[in-house]
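Chemist: Provided below: protein_32.txt, containing compact mmCIF, C-alpha atoms.
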# COMPACT_ATOMS: atom_id res chain seq x y z
CA ILE A 796 6.47 38.82 33.22
CA TRP A 797 5.99 38.26 29.50
CA ILE A 798 4.75 34.98 28.09
CA ALA A 799 5.26 33.94 24.49
CA LEU A 800 4.58 30.77 22.53
CA LEU A 801 6.47 28.85 19.89
CA LEU A 802 4.36 26.51 17.76
CA ASP A 803 6.48 23.85 16.05
CA SER A 804 4.46 22.33 13.19
CA VAL A 805 1.07 22.49 14.92
CA SER A 806 -0.64 21.58 11.68
CA GLN A 807 -4.36 21.52 12.51
CA PRO A 808 -6.00 24.95 12.06
CA PHE A 809 -8.56 24.32 14.83
CA ASN A 810 -5.72 23.65 17.29
CA VAL A 811 -3.89 26.82 16.23
CA GLY A 812 -7.10 28.83 16.63
CA SER A 813 -7.81 27.35 20.04
CA ILE A 814 -4.25 27.99 21.22
CA ILE A 815 -4.44 31.59 20.02
CA ARG A 816 -7.74 32.25 21.76
CA THR A 817 -6.44 30.79 25.04
CA ALA A 818 -3.16 32.67 24.67
CA VAL A 819 -4.91 36.01 24.28
CA ALA A 820 -7.21 35.27 27.23
CA LEU A 821 -4.21 34.53 29.47
CA GLY A 822 -2.07 37.47 28.39
CA VAL A 823 0.37 35.99 25.88
CA GLU A 824 1.85 38.74 23.71
CA ARG A 825 3.90 36.99 21.03
CA VAL A 826 3.82 33.75 19.03
CA TRP A 827 6.50 32.28 16.80
CA LEU A 828 5.11 29.99 14.08
CA CYS A 829 7.46 27.33 12.69
CA GLY A 830 7.48 24.42 10.30
CA ASP A 831 4.09 23.47 8.92
CA THR A 832 2.10 25.29 11.60
CA ALA A 833 -1.28 26.23 10.16
CA PRO A 834 -1.57 29.94 9.45
CA PRO A 835 -3.68 31.86 11.99
CA GLY A 836 -5.55 33.41 9.07
CA HIS A 837 -6.80 30.00 7.87
CA PRO A 838 -10.63 30.04 7.96
CA SER A 839 -10.82 27.17 10.47
CA ALA A 840 -8.22 28.80 12.73
CA ARG A 841 -10.06 32.13 12.59
CA LYS A 842 -13.36 30.40 13.36
CA THR A 843 -11.86 28.92 16.53
CA SER A 844 -9.84 31.98 17.57
CA LEU A 845 -12.79 34.32 16.94
CA GLY A 846 -10.39 36.83 15.39
CA THR A 847 -8.30 37.19 18.56
CA GLU A 848 -5.07 36.75 16.58
CA ARG A 849 -5.19 40.52 16.03
CA TYR A 850 -4.07 40.93 19.67
CA LEU A 851 -0.83 38.97 19.20
CA ALA A 852 2.51 39.68 17.58
CA LEU A 853 2.76 36.73 15.18
CA GLU A 854 6.14 35.89 13.69
CA ARG A 855 6.78 33.25 11.06
CA GLU A 856 10.20 31.63 11.39
CA PRO A 857 10.89 29.92 8.07
CA ALA A 858 14.25 28.39 8.96
CA SER A 859 13.45 26.02 11.84
CA ALA A 860 11.97 25.71 15.30
CA ALA A 861 15.52 25.83 16.67
CA ALA A 862 16.00 29.19 14.93
CA ALA A 863 12.73 30.41 16.45
CA ALA A 864 13.97 29.30 19.88
CA GLY A 865 17.11 31.34 19.24
CA ALA A 866 14.99 34.35 18.27
CA ALA A 867 12.92 33.97 21.43
CA ARG A 868 16.06 33.74 23.54
CA ALA A 869 17.52 36.82 21.79
CA ALA A 870 14.27 38.64 22.69
CA GLY A 871 14.88 37.81 26.35
CA PHE A 872 12.75 34.70 26.80
CA ARG A 873 13.66 31.41 28.48
CA VAL A 874 12.43 28.66 26.13
CA VAL A 875 10.60 25.81 27.86
CA ALA A 876 9.44 22.99 25.59
CA ILE A 877 6.33 21.09 26.67
CA GLU A 878 6.99 17.48 25.76
CA LEU A 879 6.72 13.94 27.12
CA ALA A 880 10.48 13.37 26.96
CA ALA A 881 12.79 11.23 29.07
CA ASP A 882 14.70 14.18 30.54
CA ALA A 883 11.65 16.41 31.09
CA VAL A 884 10.68 17.71 34.53
CA PRO A 885 7.09 17.94 35.77
CA LEU A 886 5.52 21.25 34.74
CA HIS A 887 5.00 22.27 38.37
CA GLU A 888 8.79 21.98 38.90
CA ALA A 889 9.81 23.68 35.64
CA PRO A 890 11.72 26.98 35.64
CA LEU A 891 8.83 29.26 34.68
CA ASP A 892 10.07 32.45 36.33
CA GLY A 893 10.92 35.54 34.32
CA ASP A 894 9.95 35.93 30.68
CA ILE A 895 8.98 32.54 29.26
CA CYS A 896 8.41 31.20 25.77
CA LEU A 897 6.47 27.94 25.93
CA ALA A 898 7.19 25.69 22.94
CA LEU A 899 4.65 23.14 21.75
CA GLY A 900 4.96 20.66 18.91
CA HIS A 901 3.06 18.71 16.30
CA GLU A 902 -0.12 16.92 17.33
CA ASP A 903 1.37 13.44 16.84
CA ARG A 904 5.16 13.88 16.72
CA GLY A 905 5.53 16.53 19.42
CA CYS A 906 8.46 18.94 19.46
CA SER A 907 11.18 18.41 16.89
CA ALA A 908 14.58 17.13 18.00
CA GLY A 909 16.11 20.47 17.00
CA LEU A 910 13.68 22.37 19.21
CA LEU A 911 14.25 20.06 22.16
CA ALA A 912 18.02 20.53 21.79
CA ALA A 913 17.62 24.33 21.58
CA ALA A 914 15.24 24.65 24.55
CA ASP A 915 16.50 25.88 27.91
CA ALA A 916 14.30 23.32 29.68
CA VAL A 917 11.81 20.59 28.85
CA ALA A 918 8.72 20.00 30.97
CA TYR A 919 5.86 17.54 30.85
CA ILE A 920 2.32 17.76 32.20
CA PRO A 921 1.79 15.00 34.77
CA GLN A 922 -1.17 12.85 33.78
CA PRO A 923 -2.22 10.40 36.49
CA GLY A 924 -5.30 9.33 34.54
CA ARG A 925 -5.74 6.50 32.06
CA VAL A 926 -4.41 8.26 28.97
CA GLY A 927 -0.85 9.35 28.40
CA SER A 928 -1.21 12.39 26.19
CA LEU A 929 -3.25 15.54 25.70
CA ASN A 930 -4.50 17.46 22.71
CA VAL A 931 -1.90 20.15 21.93
CA ALA A 932 -4.41 22.96 22.54
CA ALA A 933 -5.28 21.51 25.96
CA ALA A 934 -1.58 21.15 26.78
CA ALA A 935 -0.98 24.76 25.74
CA ALA A 936 -3.81 25.95 27.97
CA ILE A 937 -2.45 24.08 30.98
CA ALA A 938 1.12 25.29 30.42
CA ILE A 939 0.11 28.92 29.88
CA ALA A 940 -2.18 28.85 32.92
CA GLU A 941 0.57 27.39 35.14
CA THR A 942 3.05 29.99 33.91
CA ARG A 943 0.57 32.82 34.50
CA ARG A 944 -0.50 31.42 37.89
CA ARG A 945 3.03 31.82 39.18
CA THR A 946 2.78 35.58 38.65
CA TRP A 947 -0.35 35.98 40.75
CA PRO A 948 0.20 37.61 44.14
CA ARG A 949 -0.04 35.32 47.13
CA ALA A 950 -2.59 36.22 49.80
Have the structure of the file written as structure tokens, please.
Modeler:
Amino acid sequence: IWIALLLDSVSQPFNVGSIIRTAVALGVERVWLCGDTAPPGHPSARKTSLGTERYLALEREPASAAAAAGAARAAGFRVVAIELAADAVPLHEAPLDGDICLALGHEDRGCSAGLLAAADAVAYIPQPGRVGSLNVAAAAAIAIAETRRRTWPRA
């Protein structure tokens, strides 16, 4: 399977760099950048990504995150937004089979309403601990790892 990402206004360069480095390590091939997502070439993003952005197809979608979701779907991806939303399903129950584009939003505001409306599914990461949210880079790592894990052969 192919895994892609859609970053919807992930504004902090260190988060973008961390997401990119994790994405490359776990076999993501393509990333759509939307809204005010920090550029991967920003010095702080490059410091965190260690230059791994060169291994990804990076596409800037200037119109909107919903347009990027449409582009991902046209490229054959199912778009799954990762968001603490009322209608979201737990990540372990999300439809992560086939080619998947995981969409993640702004550090404080999350995914835009347009992206949530355009997504094929919305999933949340269950958090039984004492805090109710994760850093966007940590959430990306968990979602990518769960998507990739499902492709591993069973013993």
Chemist: In Å to one decimal, how far is atom CA of His887 of chain A from atom CA of Gln922 of chain A?
Modeler: 12.2 Å
Chemist: Per residue of segment 818-883 of chain A within 9 Å of segment 930-940 of chain A, record the nearest atom pair and its distance in Å to one decimal, counting only C-alpha atoms, with rows in chain order and ascending residue number, as CSV.
Modeler:
residue,atom,partner,partner_atom,distance
A:Ala818,CA,A:Ile939,CA,7.2
A:Leu821,CA,A:Ala940,CA,6.9
A:Gly822,CA,A:Ile939,CA,8.9
A:Val823,CA,A:Ile939,CA,8.1
A:Ile877,CA,A:Ala938,CA,7.7
Chemist: Would you save the residues of that selection, restricted to C-alpha atoms, as an mmCIF file, keeping the file's coordinate frame?
Modeler:
data_model
loop_
_atom_site.group_PDB
_atom_site.id
_atom_site.type_symbol
_atom_site.label_atom_id
_atom_site.label_comp_id
_atom_site.auth_asym_id
_atom_site.auth_seq_id
_atom_site.Cartn_x
_atom_site.Cartn_y
_atom_site.Cartn_z
ATOM 1 C CA ALA A 818 -3.160 32.670 24.670
ATOM 2 C CA LEU A 821 -4.210 34.530 29.470
ATOM 3 C CA GLY A 822 -2.070 37.470 28.390
ATOM 4 C CA VAL A 823 0.370 35.990 25.880
ATOM 5 C CA ILE A 877 6.330 21.090 26.670
#
Chemist: Find the residues near Gly846 of chain A: any atom within 10 Å, counting all atoms listed in the file, skip ones fewer than 5 places away on the same chain, and give them as a PyMOL selection string.
Modeler: chain A and resi 812+815-816+835-836+840-841
Chemist: Restricted to C-alpha atoms, what would the selected residues look like written as an mmCIF file, in the frame of the given file?
Modeler:
data_model
loop_
_atom_site.group_PDB
_atom_site.id
_atom_site.type_symbol
_atom_site.label_atom_id
_atom_site.label_comp_id
_atom_site.auth_asym_id
_atom_site.auth_seq_id
_atom_site.Cartn_x
_atom_site.Cartn_y
_atom_site.Cartn_z
ATOM 1 C CA GLY A 812 -7.100 28.830 16.630
ATOM 2 C CA ILE A 815 -4.440 31.590 20.020
ATOM 3 C CA ARG A 816 -7.740 32.250 21.760
ATOM 4 C CA PRO A 835 -3.680 31.860 11.990
ATOM 5 C CA GLY A 836 -5.550 33.410 9.070
ATOM 6 C CA ALA A 840 -8.220 28.800 12.730
ATOM 7 C CA ARG A 841 -10.060 32.130 12.590
#
Chemist: Please identify all polymer residues within 12 Å of Asp894 of chain A, counting only C-alpha atoms, omitting same-chain residues fewer than 2 positions from it, and present them as a list in words.
Modeler: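 Contacts, in chain order: Ile796, Trp797, Ile798, Ala799, Leu800, Val823, Glu824, Arg825, Ala867, Arg868, Ala869, Ala870, Gly871, Phe872, Arg873, Val874, Val875, Pro890, Leu891, Asp892, Cys896, Leu897, Thr942, Arg943, Arg945 and Thr946 of chain A.
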Chemist: Counting all atoms listed in the file, figure out which residue out of A:Ala880, A:Glu902, A:Pro834, A:Leu801 gets nearest to Ser859 of chain A.
Modeler: A:Leu801
Chemist: Nearest residue to Ser806 of chain A out of A:Ala916, A:Pro857, A:Gly900, A:Glu848, using all atoms listed in the file?
Modeler: A:Gly900
Chemist: Taking (11.2, 18.7, 33.5) in the coordinates of the supplied file, I want to know which residues reach to within 7 Å of it, counting only C-alpha atoms; could you give the answer as an NGL selection string?
Modeler: :A and (882-886 or 888-889 or 916-919)
Chemist: Given only C-alpha atoms as the basis, pick out the residue of A:Gly830, A:Gly865, A:Pro808, A:Gly909 nearest to Ser844 of chain A.
Modeler: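 Using only C-alpha atoms, Ser844 of chain A sits closest to A:Pro808.
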Chemist: Tell me which residues come within 8 Å of (2.7, 27.3, 9.3), as a ChimeraX atom specification, counting all atoms listed in the file in the file's coordinates.
Modeler: /A:804-806,828-834,855
Chemist: Using only the atoms of segment 831-841 of chain A listed in the file, plus 3 Å on each side, state the axis-aligned box centre and edge lengths in Å rounded to one decimal, as lines of an AutoDock Vina configuration file.
Modeler:
center_x = -3.4
center_y = 28.4
center_z = 10.3
size_x = 20.9
size_y = 15.9
size_z = 10.9
Chemist: Just checking: using all atoms listed in the file, which residue out of A:Leu845, A:Ile895, A:Ala876, A:Ala820 ends up closest to Ala913 of chain A?
Modeler: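 Comparing A:Leu845, A:Ile895, A:Ala876, A:Ala820 against Ala913 of chain A, the winner is A:Ala876.
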Chemist: Could you tell me how far atom CA of Thr847 of chain A sits from atom CA of Val826 of chain A, in Å to one decimal place?
Modeler: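 Between atom CA of Val826 of chain A and atom CA of Thr847 of chain A the gap is 12.6 Å.
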Chemist: Nearest to Ala852 of chain A among A:Cys906, A:Ser839, A:Leu911, A:Trp827, with distances taken over all atoms listed in the file: which residue is it?
Modeler: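 Counting all atoms listed in the file, the residue closest to Ala852 of chain A is A:Trp827.
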Chemist: Any idea what the distance is between atom CA of Leu899 of chain A and atom CA of Pro948 of chain A?
Modeler: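 Pair atom CA of Leu899 of chain A / atom CA of Pro948 of chain A returns 27.0 Å.
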Chemist: Have a look at A:Asp915, A:Asp803, A:Glu854, A:Glu941 and name the one nearest to Ala898 of chain A; count all atoms listed in the file.
Modeler: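 The closest residue to Ala898 of chain A is A:Asp803.
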